[in-house]
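Asks: As input, take start-v2.cif (mmCIF, C-alpha atoms and all ligand atoms):
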data_work
loop_
_atom_site.label_atom_id
_atom_site.label_comp_id
_atom_site.auth_asym_id
_atom_site.auth_seq_id
_atom_site.Cartn_x
_atom_site.Cartn_y
_atom_site.Cartn_z
CA MET M 1 0.00 0.00 0.00
CA PHE M 2 1.14 3.57 -0.84
CA SER M 3 4.23 2.43 -2.75
CA ASN M 4 2.50 2.90 -6.12
CA GLN M 5 1.57 6.51 -5.33
CA ILE M 6 5.08 7.25 -4.06
CA GLU M 7 6.81 5.71 -7.07
CA GLU M 8 4.46 7.56 -9.43
CA PHE M 9 5.20 10.84 -7.60
CA ILE M 10 8.97 10.28 -8.00
CA ARG M 11 8.62 9.32 -11.66
CA LEU M 12 6.28 12.16 -12.74
CA ASN M 13 8.41 14.82 -11.01
CA LYS M 14 11.70 13.20 -12.09
CA TYR M 15 12.97 13.27 -8.49
CA PRO M 16 15.92 11.11 -7.38
CA THR M 17 14.15 9.82 -4.26
CA PHE M 18 11.39 10.41 -1.69
CA HIS M 19 12.79 10.83 1.78
CA PRO M 20 10.67 13.25 3.88
CA LYS M 21 12.28 15.29 6.64
CA ALA M 22 9.45 17.77 7.21
CA ILE M 23 5.66 17.74 7.16
CA PHE M 24 3.87 20.93 6.07
CA PHE M 25 0.43 21.32 7.63
CA ASP M 26 -2.35 23.55 6.38
CA MET M 27 -4.26 25.06 9.34
CA ASP M 28 -8.02 25.50 8.83
CA GLY M 29 -9.74 22.16 8.31
CA VAL M 30 -6.48 20.30 9.10
CA LEU M 31 -5.46 21.46 12.59
CA PHE M 32 -8.67 23.25 13.54
CA ASP M 33 -12.24 22.21 12.89
CA SER M 34 -12.85 25.79 11.87
CA MET M 35 -14.26 25.59 8.38
CA ARG M 36 -17.95 25.64 9.34
CA GLY M 37 -17.24 28.80 11.33
CA HIS M 38 -15.35 30.37 8.43
CA ALA M 39 -18.05 29.43 5.91
CA THR M 40 -20.85 30.88 8.05
CA ALA M 41 -18.85 34.06 8.73
CA TRP M 42 -18.07 34.58 5.03
CA VAL M 43 -21.71 34.18 4.01
CA ALA M 44 -22.93 36.57 6.75
CA ALA M 45 -20.22 39.23 6.19
CA LEU M 46 -20.74 39.35 2.42
CA LYS M 47 -24.51 39.37 2.85
CA GLN M 48 -24.25 42.47 5.05
CA MET M 49 -22.51 44.17 2.14
CA GLY M 50 -25.26 42.99 -0.26
CA LEU M 51 -23.07 40.34 -1.87
CA PRO M 52 -24.46 36.82 -2.49
CA PHE M 53 -22.18 33.95 -1.40
CA THR M 54 -22.94 30.36 -0.38
CA GLU M 55 -21.29 28.07 2.18
CA LYS M 56 -20.31 25.71 -0.63
CA GLU M 57 -18.49 28.60 -2.33
CA ALA M 58 -16.69 29.23 0.97
CA TYR M 59 -15.42 25.63 1.00
CA LEU M 60 -14.43 25.79 -2.66
CA ASN M 61 -12.51 29.04 -2.02
CA GLU M 62 -10.85 27.74 1.13
CA GLY M 63 -7.13 28.45 1.18
CA ARG M 64 -7.29 31.75 -0.68
CA THR M 65 -6.30 34.84 1.28
CA GLY M 66 -9.29 36.88 2.49
CA SER M 67 -8.39 39.63 0.07
CA SER M 68 -8.46 37.24 -2.90
CA THR M 69 -11.81 35.71 -1.87
CA ILE M 70 -13.42 39.16 -1.54
CA ASN M 71 -12.00 40.28 -4.86
CA GLY M 72 -13.39 37.18 -6.56
CA VAL M 73 -16.88 38.00 -5.30
CA PHE M 74 -16.63 41.62 -6.52
CA VAL M 75 -15.48 40.49 -9.96
CA LYS M 76 -18.35 38.01 -10.16
CA VAL M 77 -21.08 40.35 -8.86
CA HIS M 78 -19.93 43.82 -9.95
CA GLY M 79 -17.50 43.01 -12.76
CA ARG M 80 -14.72 44.97 -11.06
CA ASN M 81 -11.99 44.52 -8.46
CA ALA M 82 -12.70 45.34 -4.82
CA THR M 83 -10.97 48.44 -3.46
CA GLU M 84 -8.50 48.11 -0.58
CA ASN M 85 -11.07 49.80 1.64
CA GLU M 86 -13.81 47.32 0.69
CA LYS M 87 -11.44 44.38 1.24
CA GLN M 88 -10.45 45.63 4.69
CA THR M 89 -14.01 46.41 5.77
CA ILE M 90 -15.34 43.00 4.75
CA TYR M 91 -12.36 41.04 6.08
CA ARG M 92 -12.57 42.82 9.42
CA LEU M 93 -16.29 42.03 9.64
CA LYS M 94 -15.72 38.41 8.62
CA SER M 95 -12.94 37.99 11.22
CA LYS M 96 -15.18 39.47 13.93
CA LEU M 97 -18.05 37.10 13.04
CA PHE M 98 -15.65 34.14 12.93
CA GLU M 99 -14.15 34.92 16.31
CA ALA M 100 -17.66 35.08 17.79
CA SER M 101 -18.66 31.77 16.21
CA LYS M 102 -16.60 29.46 18.49
CA HIS M 103 -16.39 26.85 15.72
CA SER M 104 -12.74 26.17 16.33
CA GLY M 105 -12.10 22.93 18.15
CA LYS M 106 -9.15 20.81 17.10
CA ILE M 107 -9.57 18.21 14.37
CA PRO M 108 -9.78 14.85 16.18
CA PHE M 109 -6.52 12.84 16.08
CA VAL M 110 -4.41 15.68 14.68
CA THR M 111 -2.57 16.16 18.00
CA ASP M 112 -1.78 12.41 18.06
CA LEU M 113 -0.45 12.65 14.52
CA LEU M 114 1.65 15.77 15.28
CA LYS M 115 3.18 14.15 18.38
CA LYS M 116 4.00 11.01 16.43
CA ILE M 117 5.64 13.09 13.70
CA GLN M 118 7.63 15.08 16.25
CA SER M 119 8.81 11.86 17.92
CA GLN M 120 10.05 10.70 14.51
CA GLN M 121 12.36 13.75 14.32
CA LEU M 122 10.42 15.20 11.40
CA GLU M 123 10.07 18.98 11.27
CA ILE M 124 6.59 20.50 11.43
CA PHE M 125 5.59 23.62 9.44
CA VAL M 126 2.30 25.52 9.08
CA VAL M 127 1.33 26.90 5.67
CA THR M 128 -1.92 28.85 5.82
CA GLY M 129 -3.80 31.53 3.88
CA SER M 130 -5.09 32.80 7.19
CA GLY M 131 -4.21 36.27 8.39
CA GLN M 132 -5.74 36.09 11.87
CA PRO M 133 -3.68 38.28 14.21
CA SER M 134 -4.07 35.67 16.98
CA LEU M 135 -2.82 32.79 14.83
CA ILE M 136 0.54 32.12 16.51
CA ASN M 137 -0.93 32.33 20.02
CA ASN M 138 -3.78 30.03 19.01
CA LEU M 139 -1.33 27.41 17.79
CA GLU M 140 0.75 27.61 20.97
CA VAL M 141 -2.32 27.41 23.23
CA ASN M 142 -3.82 24.44 21.38
CA PHE M 143 -0.65 22.60 20.36
CA PRO M 144 1.99 23.55 22.95
CA GLY M 145 5.55 22.91 21.83
CA LEU M 146 4.60 21.59 18.39
CA PHE M 147 4.85 24.73 16.26
CA HIS M 148 7.48 27.44 15.95
CA LYS M 149 7.08 30.96 14.59
CA ASN M 150 10.05 30.50 12.24
CA LYS M 151 8.38 27.47 10.67
CA MET M 152 5.29 29.22 9.45
CA VAL M 153 3.95 30.80 6.24
CA THR M 154 0.78 32.90 6.64
CA ALA M 155 -1.24 35.47 4.65
CA PHE M 156 1.25 38.09 5.90
CA ASP M 157 4.14 36.42 4.05
CA VAL M 158 2.66 35.94 0.58
CA GLN M 159 1.66 38.02 -2.39
CA PHE M 160 -0.57 35.56 -4.27
CA GLY M 161 -1.62 32.86 -1.80
CA LYS M 162 -3.16 29.47 -2.62
CA PRO M 163 -3.95 28.07 -5.23
CA HIS M 164 -0.71 29.69 -6.49
CA PRO M 165 2.27 27.50 -5.47
CA GLU M 166 3.90 30.50 -3.72
CA PRO M 167 3.02 29.63 -0.07
CA TYR M 168 4.38 26.07 -0.34
CA LEU M 169 7.45 27.20 -2.31
CA MET M 170 8.10 29.76 0.43
CA ALA M 171 7.80 27.09 3.13
CA LEU M 172 10.17 24.89 1.14
CA LYS M 173 12.68 27.75 0.99
CA LYS M 174 12.34 28.40 4.74
CA SER M 175 12.92 24.71 5.43
CA GLY M 176 16.03 24.54 3.27
CA LEU M 177 14.82 21.13 2.04
CA LYS M 178 14.39 19.62 -1.42
CA PRO M 179 10.86 19.01 -2.78
CA TRP M 180 11.29 15.23 -2.35
CA GLU M 181 11.97 15.76 1.38
CA VAL M 182 8.52 17.13 2.23
CA VAL M 183 4.96 15.88 2.71
CA VAL M 184 1.98 18.26 2.74
CA VAL M 185 -1.26 17.66 4.65
CA GLU M 186 -4.15 19.66 3.18
CA ASN M 187 -7.94 19.52 3.23
CA ALA M 188 -9.07 21.96 0.54
CA PRO M 189 -9.04 21.71 -3.27
CA LEU M 190 -7.16 25.02 -3.71
CA GLY M 191 -4.64 24.06 -1.04
CA VAL M 192 -4.01 20.74 -2.75
CA GLU M 193 -3.61 22.57 -6.07
CA SER M 194 -1.06 24.96 -4.54
CA SER M 195 1.01 22.19 -2.97
CA SER M 196 0.82 19.96 -6.00
CA LYS M 197 1.95 22.80 -8.32
CA ALA M 198 4.87 23.37 -5.93
CA GLY M 199 5.90 19.78 -6.71
CA LEU M 200 5.25 18.42 -3.21
CA PHE M 201 3.76 15.08 -2.18
CA THR M 202 0.25 15.99 -1.08
CA ILE M 203 -1.99 14.13 1.32
CA ALA M 204 -5.58 15.37 1.34
CA VAL M 205 -7.73 14.71 4.38
CA ASN M 206 -11.37 15.34 3.53
CA THR M 207 -12.64 16.95 6.74
CA GLY M 208 -15.40 18.99 5.04
CA PRO M 209 -18.58 18.41 3.03
CA LEU M 210 -17.07 18.31 -0.48
CA ASP M 211 -16.91 15.17 -2.59
CA PRO M 212 -13.46 13.54 -2.13
CA SER M 213 -13.04 13.17 -5.92
CA ILE M 214 -12.43 16.94 -6.18
CA LEU M 215 -9.30 16.49 -4.00
CA THR M 216 -7.92 13.82 -6.33
CA GLU M 217 -8.73 16.02 -9.34
CA SER M 218 -6.88 18.92 -7.68
CA GLY M 219 -3.72 16.79 -7.59
CA ALA M 220 -3.70 14.97 -4.24
CA ASN M 221 -1.35 11.96 -4.18
CA LEU M 222 -3.36 10.32 -1.38
CA VAL M 223 -6.86 11.06 -0.05
CA PHE M 224 -8.07 10.06 3.42
CA ASN M 225 -11.60 10.43 4.75
CA SER M 226 -10.54 11.52 8.23
CA MET M 227 -7.49 12.47 10.29
CA LYS M 228 -7.96 9.24 12.25
CA GLU M 229 -7.55 7.28 9.04
CA LEU M 230 -4.31 9.14 8.25
CA PHE M 231 -3.05 8.64 11.83
CA ASP M 232 -3.84 4.90 11.63
CA GLN M 233 -2.08 4.58 8.25
CA TRP M 234 0.92 6.81 9.03
CA GLU M 235 3.36 3.98 9.80
CA ALA M 236 2.34 2.04 6.71
CA PHE M 237 2.90 5.19 4.63
CA ARG M 238 6.26 5.94 6.27
CA LYS M 239 7.50 2.38 5.69
CA ASN M 240 7.30 3.06 1.97
CA TRP M 241 9.54 6.12 2.01
CA ARG M 242 12.90 5.47 0.42
CA THR M 243 15.91 5.27 2.71
CA GLU M 244 18.51 8.00 2.31
CA ASN M 245 21.55 7.06 0.29
MG MG M 301 -7.58 24.14 4.92
#
Can you dump the structure from the file as structure tokens?
Ligand code: MG
Replies:
Amino acid sequence: MFSNQIEEFIRLNKYPTFHPKAIFFDMDGVLFDSMRGHATAWVAALKQMGLPFTEKEAYLNEGRTGSSTINGVFVKVHGRNATENEKQTIYRLKSKLFEASKHSGKIPFVTDLLKKIQSQQLEIFVVTGSGQPSLINNLEVNFPGLFHKNKMVTAFDVQFGKPHPEPYLMALKKSGLKPWEVVVVENAPLGVESSSKAGLFTIAVNTGPLDPSILTESGANLVFNSMKELFDQWEAFRKNWRTEN
């Protein structure tokens, strides 16, 4: 199991090997069960500004920076880009609604997986389109000792954001590793697209309501139906990594 997907990944990317030393984690929908809260907040914030937007659209846009999501809605509804002022007003409102929503428990089994990964001397990075000011504190409170501020790419670091490969390429640069030394854990189609375009092995965990086939179509190398399933299969996956030579 998993060896076919790994060998295909090596072959298609023309890499010499696959020997992961770091795992890059997306945040919303991977570490935190926050996507329902984000989806509801997006719909409500845009509605207040007279802009139609559905929860499904929120899930399909997941991973984009707030600014890019808002701009997409303006282009669709008004046929023009959003102004900086409009972006800031809506994003501030959306953040306020999200913070009041309390939809932010941890994804079950993700702490177990992170601890296992840490015990295996693999580095842990966060790569998120989120620009929440409280992001670093939130990670430290919920996952003490597992994340480090130097091993993080957020909305503040990037120009384009997901689905552009930029965030994952930036994390790769920060890590100093080669693309065959990294595994990405994502949940959203645009996040998978970003990571896959960056040439990284991408595991999609389908923690939301979308059909899992969209994650495969976006370029995921493996798709799991829950974090528990990934946690249970982690050793079997790791056994198929190539040894360093
Ligand atoms: Mg996500």
Asks: So which residues are near ligand MG 301 (chain M), meaning at most 6 Å away with all atoms listed in the file counted, given back as a PyMOL selection string?
Replies: chain M and resi 26-30+63+186-188
Asks: Near range 104-118 of chain M, counting all atoms listed in the file, which residues have an atom at most 12 Å away, once you skip same-chain residues fewer than 4 positions from it, shown as number ranges by chain?
Replies: M: 20-38, 98-100, 122-126, 138-139, 141-147, 183, 185, 187, 205-208, 226-235, 238
Asks: Using all atoms listed in the file, which of M:Ser213, M:Ser67, M:Asn240, M:Ser196 sits nearest Pro163 in chain M?
Replies: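 The closest residue to Pro163 in chain M is M:Ser196.
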Asks: Restricting the calculation to all atoms listed in the file: of M:Thr243, M:Thr128, M:Thr83, M:Thr202, which residue gets closest to Lys151 in chain M?
Replies: M:Thr128
Asks: Which residue gives the smallest distance to Ser194 in chain M among M:Phe224, M:Phe160, M:Trp180, M:Phe18, with all atoms listed in the file counted?
Replies: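 Residue with the minimum atom-to-atom distance to Ser194 in chain M: M:Phe160.
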Asks: Contacts of range 13-15 of chain M at 12 Å or less, counting only C-alpha atoms, minus same-chain residues fewer than 5 places along, as a compact mmCIF listing (two decimals) with C-alpha atoms, in the frame of the given file?
Replies:
# COMPACT_ATOMS: atom_id res chain seq x y z
CA ILE M 6 5.08 7.25 -4.06
CA GLU M 7 6.81 5.71 -7.07
CA GLU M 8 4.46 7.56 -9.43
CA LYS M 178 14.39 19.62 -1.42
CA PRO M 179 10.86 19.01 -2.78
CA TRP M 180 11.29 15.23 -2.35
CA GLU M 181 11.97 15.76 1.38
CA SER M 196 0.82 19.96 -6.00
CA LYS M 197 1.95 22.80 -8.32
CA ALA M 198 4.87 23.37 -5.93
CA GLY M 199 5.90 19.78 -6.71
CA LEU M 200 5.25 18.42 -3.21
CA PHE M 201 3.76 15.08 -2.18
CA ARG M 242 12.90 5.47 0.42
Asks: Please report the interatomic distance between CA of Val192 in chain M and CA of Thr216 in chain M in Å with one decimal.
Replies: 8.7 Å
Asks: Quick one: of M:Gly66, M:Gly191, M:Gly129, M:Pro165, who's nearest to Glu84 in chain M, counting all atoms listed in the file?
Replies: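 Between M:Gly66, M:Gly191, M:Gly129, M:Pro165, the residue approaching Glu84 in chain M most closely is M:Gly66.
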Asks: Tell me, in Å to one decimal, how far CA of Gly161 in chain M is from CA of His78 in chain M.
Replies: 22.8 Å
Asks: Considering all atoms listed in the file, can you say which of M:Ser134, M:Asn81, M:Gln48, M:Thr65 comes closest to Leu97 in chain M?
Replies: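 Of all the options, M:Gln48 lies closest to Leu97 in chain M.
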Asks: What is the CA of Ile90 in chain M-CA of Ile136 in chain M distance in Å, reported with one decimal?
Replies: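 Between these atoms lies a distance of 22.6 Å.
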Asks: As JSON, what would the box around range 48-63 of chain M look like: edges along x, y and z, 3 Å added on every side, centre and edge lengths in Å to one decimal?
Replies:
{"center_x": -16.2, "center_y": 34.9, "center_z": 1.2, "size_x": 24.1, "size_y": 24.5, "size_z": 13.7}
Asks: List the spatial neighbours of Val77 in chain M as a list in words - criterion: any atom at most 10 Å away, all atoms listed in the file, same-chain residues fewer than 6 positions off excluded.
Replies: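 Residues near the query, excluding close chain neighbours: Gly50, Leu51, Pro52, Phe53 and Asn71 of chain M.
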Asks: Between M:Met152, M:Asn221, M:Phe237, M:Gln159, single out the one closest to Gln5 in chain M, counting all atoms listed in the file.
Replies: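 The answer is M:Asn221, which sits nearest to Gln5 in chain M.
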Asks: Do a neighbour search on Tyr91 in chain M at 9 Å with only C-alpha atoms, toss out local chain neighbours closer than 2 positions, and write the hits as number ranges by chain.
Replies: M: 42, 45, 66-67, 70, 86-89, 93-96
Asks: I need the residues from that last selection saved to file as a PDB file, keeping the file's coordinate frame (with C-alpha atoms), if you can.
Replies:
ATOM      1  CA  TRP M  42     -18.070  34.580   5.030  1.00  0.00           C
ATOM      2  CA  ALA M  45     -20.220  39.230   6.190  1.00  0.00           C
ATOM      3  CA  GLY M  66      -9.290  36.880   2.490  1.00  0.00           C
ATOM      4  CA  SER M  67      -8.390  39.630   0.070  1.00  0.00           C
ATOM      5  CA  ILE M  70     -13.420  39.160  -1.540  1.00  0.00           C
ATOM      6  CA  GLU M  86     -13.810  47.320   0.690  1.00  0.00           C
ATOM      7  CA  LYS M  87     -11.440  44.380   1.240  1.00  0.00           C
ATOM      8  CA  GLN M  88     -10.450  45.630   4.690  1.00  0.00           C
ATOM      9  CA  THR M  89     -14.010  46.410   5.770  1.00  0.00           C
ATOM     10  CA  LEU M  93     -16.290  42.030   9.640  1.00  0.00           C
ATOM     11  CA  LYS M  94     -15.720  38.410   8.620  1.00  0.00           C
ATOM     12  CA  SER M  95     -12.940  37.990  11.220  1.00  0.00           C
ATOM     13  CA  LYS M  96     -15.180  39.470  13.930  1.00  0.00           C
TER      14      LYS M  96
END
Asks: If I only want range 22-34 of chain M, can you write it with all heavy atoms, as an mmCIF file, in the first residue's frame?
Replies:
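Result written to result-v1.cif:
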data_model
loop_
_atom_site.group_PDB
_atom_site.id
_atom_site.type_symbol
_atom_site.label_atom_id
_atom_site.label_comp_id
_atom_site.auth_asym_id
_atom_site.auth_seq_id
_atom_site.Cartn_x
_atom_site.Cartn_y
_atom_site.Cartn_z
ATOM 1 N N ALA M 22 10.369 16.788 6.619
ATOM 2 C CA ALA M 22 9.447 17.770 7.209
ATOM 3 C C ALA M 22 8.035 17.514 6.695
ATOM 4 O O ALA M 22 7.846 17.039 5.569
ATOM 5 C CB ALA M 22 9.867 19.189 6.844
ATOM 6 N N ILE M 23 7.064 17.825 7.552
ATOM 7 C CA ILE M 23 5.661 17.736 7.160
ATOM 8 C C ILE M 23 5.083 19.147 7.236
ATOM 9 O O ILE M 23 5.207 19.812 8.274
ATOM 10 C CB ILE M 23 4.856 16.786 8.081
ATOM 11 C CG1 ILE M 23 5.636 15.488 8.361
ATOM 12 C CG2 ILE M 23 3.486 16.486 7.476
ATOM 13 C CD1 ILE M 23 5.966 14.631 7.170
ATOM 14 N N PHE M 24 4.493 19.604 6.122
ATOM 15 C CA PHE M 24 3.873 20.933 6.067
ATOM 16 C C PHE M 24 2.373 20.768 6.284
ATOM 17 O O PHE M 24 1.702 20.088 5.500
ATOM 18 C CB PHE M 24 4.086 21.587 4.691
ATOM 19 C CG PHE M 24 5.514 21.950 4.366
ATOM 20 C CD1 PHE M 24 5.816 22.468 3.105
ATOM 21 C CD2 PHE M 24 6.542 21.813 5.285
ATOM 22 C CE1 PHE M 24 7.120 22.817 2.786
ATOM 23 C CE2 PHE M 24 7.852 22.155 4.973
ATOM 24 C CZ PHE M 24 8.131 22.663 3.703
ATOM 25 N N PHE M 25 1.859 21.409 7.327
ATOM 26 C CA PHE M 25 0.428 21.317 7.625
ATOM 27 C C PHE M 25 -0.296 22.603 7.249
ATOM 28 O O PHE M 25 0.126 23.698 7.640
ATOM 29 C CB PHE M 25 0.202 21.075 9.129
ATOM 30 C CG PHE M 25 0.451 19.668 9.558
ATOM 31 C CD1 PHE M 25 1.730 19.237 9.881
ATOM 32 C CD2 PHE M 25 -0.594 18.752 9.636
ATOM 33 C CE1 PHE M 25 1.970 17.920 10.271
ATOM 34 C CE2 PHE M 25 -0.364 17.437 10.031
ATOM 35 C CZ PHE M 25 0.919 17.023 10.346
ATOM 36 N N ASP M 26 -1.391 22.469 6.526
ATOM 37 C CA ASP M 26 -2.346 23.552 6.383
ATOM 38 C C ASP M 26 -3.000 23.723 7.760
ATOM 39 O O ASP M 26 -2.867 22.850 8.627
ATOM 40 C CB ASP M 26 -3.366 23.146 5.309
ATOM 41 C CG ASP M 26 -4.548 24.077 5.256
ATOM 42 O OD1 ASP M 26 -4.342 25.302 5.211
ATOM 43 O OD2 ASP M 26 -5.696 23.575 5.270
ATOM 44 N N MET M 27 -3.695 24.841 7.998
ATOM 45 C CA MET M 27 -4.257 25.058 9.336
ATOM 46 C C MET M 27 -5.775 24.796 9.418
ATOM 47 O O MET M 27 -6.214 23.865 10.090
ATOM 48 C CB MET M 27 -3.934 26.476 9.811
ATOM 49 C CG MET M 27 -4.355 26.716 11.247
ATOM 50 S SD MET M 27 -3.784 28.295 11.892
ATOM 51 C CE MET M 27 -4.957 29.397 11.151
ATOM 52 N N ASP M 28 -6.563 25.636 8.713
ATOM 53 C CA ASP M 28 -8.021 25.495 8.829
ATOM 54 C C ASP M 28 -8.484 24.211 8.154
ATOM 55 O O ASP M 28 -8.128 23.930 7.009
ATOM 56 C CB ASP M 28 -8.721 26.709 8.204
ATOM 57 C CG ASP M 28 -8.533 27.950 9.059
ATOM 58 O OD1 ASP M 28 -8.981 27.924 10.214
ATOM 59 O OD2 ASP M 28 -7.929 28.927 8.579
ATOM 60 N N GLY M 29 -9.255 23.419 8.871
ATOM 61 C CA GLY M 29 -9.742 22.158 8.313
ATOM 62 C C GLY M 29 -8.737 21.017 8.444
ATOM 63 O O GLY M 29 -9.047 19.870 8.119
ATOM 64 N N VAL M 30 -7.503 21.338 8.884
ATOM 65 C CA VAL M 30 -6.484 20.297 9.099
ATOM 66 C C VAL M 30 -6.111 20.236 10.583
ATOM 67 O O VAL M 30 -6.140 19.179 11.204
ATOM 68 C CB VAL M 30 -5.233 20.539 8.219
ATOM 69 C CG1 VAL M 30 -4.081 19.645 8.647
ATOM 70 C CG2 VAL M 30 -5.575 20.273 6.751
ATOM 71 N N LEU M 31 -5.762 21.402 11.157
ATOM 72 C CA LEU M 31 -5.461 21.464 12.593
ATOM 73 C C LEU M 31 -6.713 21.809 13.382
ATOM 74 O O LEU M 31 -6.986 21.236 14.433
ATOM 75 C CB LEU M 31 -4.379 22.519 12.862
ATOM 76 C CG LEU M 31 -3.055 22.358 12.115
ATOM 77 C CD1 LEU M 31 -2.132 23.520 12.446
ATOM 78 C CD2 LEU M 31 -2.392 21.029 12.465
ATOM 79 N N PHE M 32 -7.462 22.788 12.851
ATOM 80 C CA PHE M 32 -8.666 23.250 13.544
ATOM 81 C C PHE M 32 -9.924 22.899 12.757
ATOM 82 O O PHE M 32 -9.945 23.027 11.532
ATOM 83 C CB PHE M 32 -8.622 24.774 13.750
ATOM 84 C CG PHE M 32 -7.541 25.230 14.673
ATOM 85 C CD1 PHE M 32 -6.451 25.952 14.197
ATOM 86 C CD2 PHE M 32 -7.591 24.932 16.031
ATOM 87 C CE1 PHE M 32 -5.436 26.366 15.050
ATOM 88 C CE2 PHE M 32 -6.592 25.342 16.897
ATOM 89 C CZ PHE M 32 -5.515 26.058 16.399
ATOM 90 N N ASP M 33 -10.946 22.508 13.497
ATOM 91 C CA ASP M 33 -12.239 22.208 12.892
ATOM 92 C C ASP M 33 -12.991 23.529 12.728
ATOM 93 O O ASP M 33 -14.028 23.753 13.331
ATOM 94 C CB ASP M 33 -13.010 21.256 13.812
ATOM 95 C CG ASP M 33 -14.291 20.758 13.166
ATOM 96 O OD1 ASP M 33 -14.457 20.970 11.950
ATOM 97 O OD2 ASP M 33 -15.114 20.180 13.888
ATOM 98 N N SER M 34 -12.417 24.388 11.914
ATOM 99 C CA SER M 34 -12.850 25.786 11.870
ATOM 100 C C SER M 34 -13.604 26.155 10.605
ATOM 101 O O SER M 34 -14.079 27.275 10.476
ATOM 102 C CB SER M 34 -11.612 26.677 11.976
ATOM 103 O OG SER M 34 -10.580 26.178 11.136
#
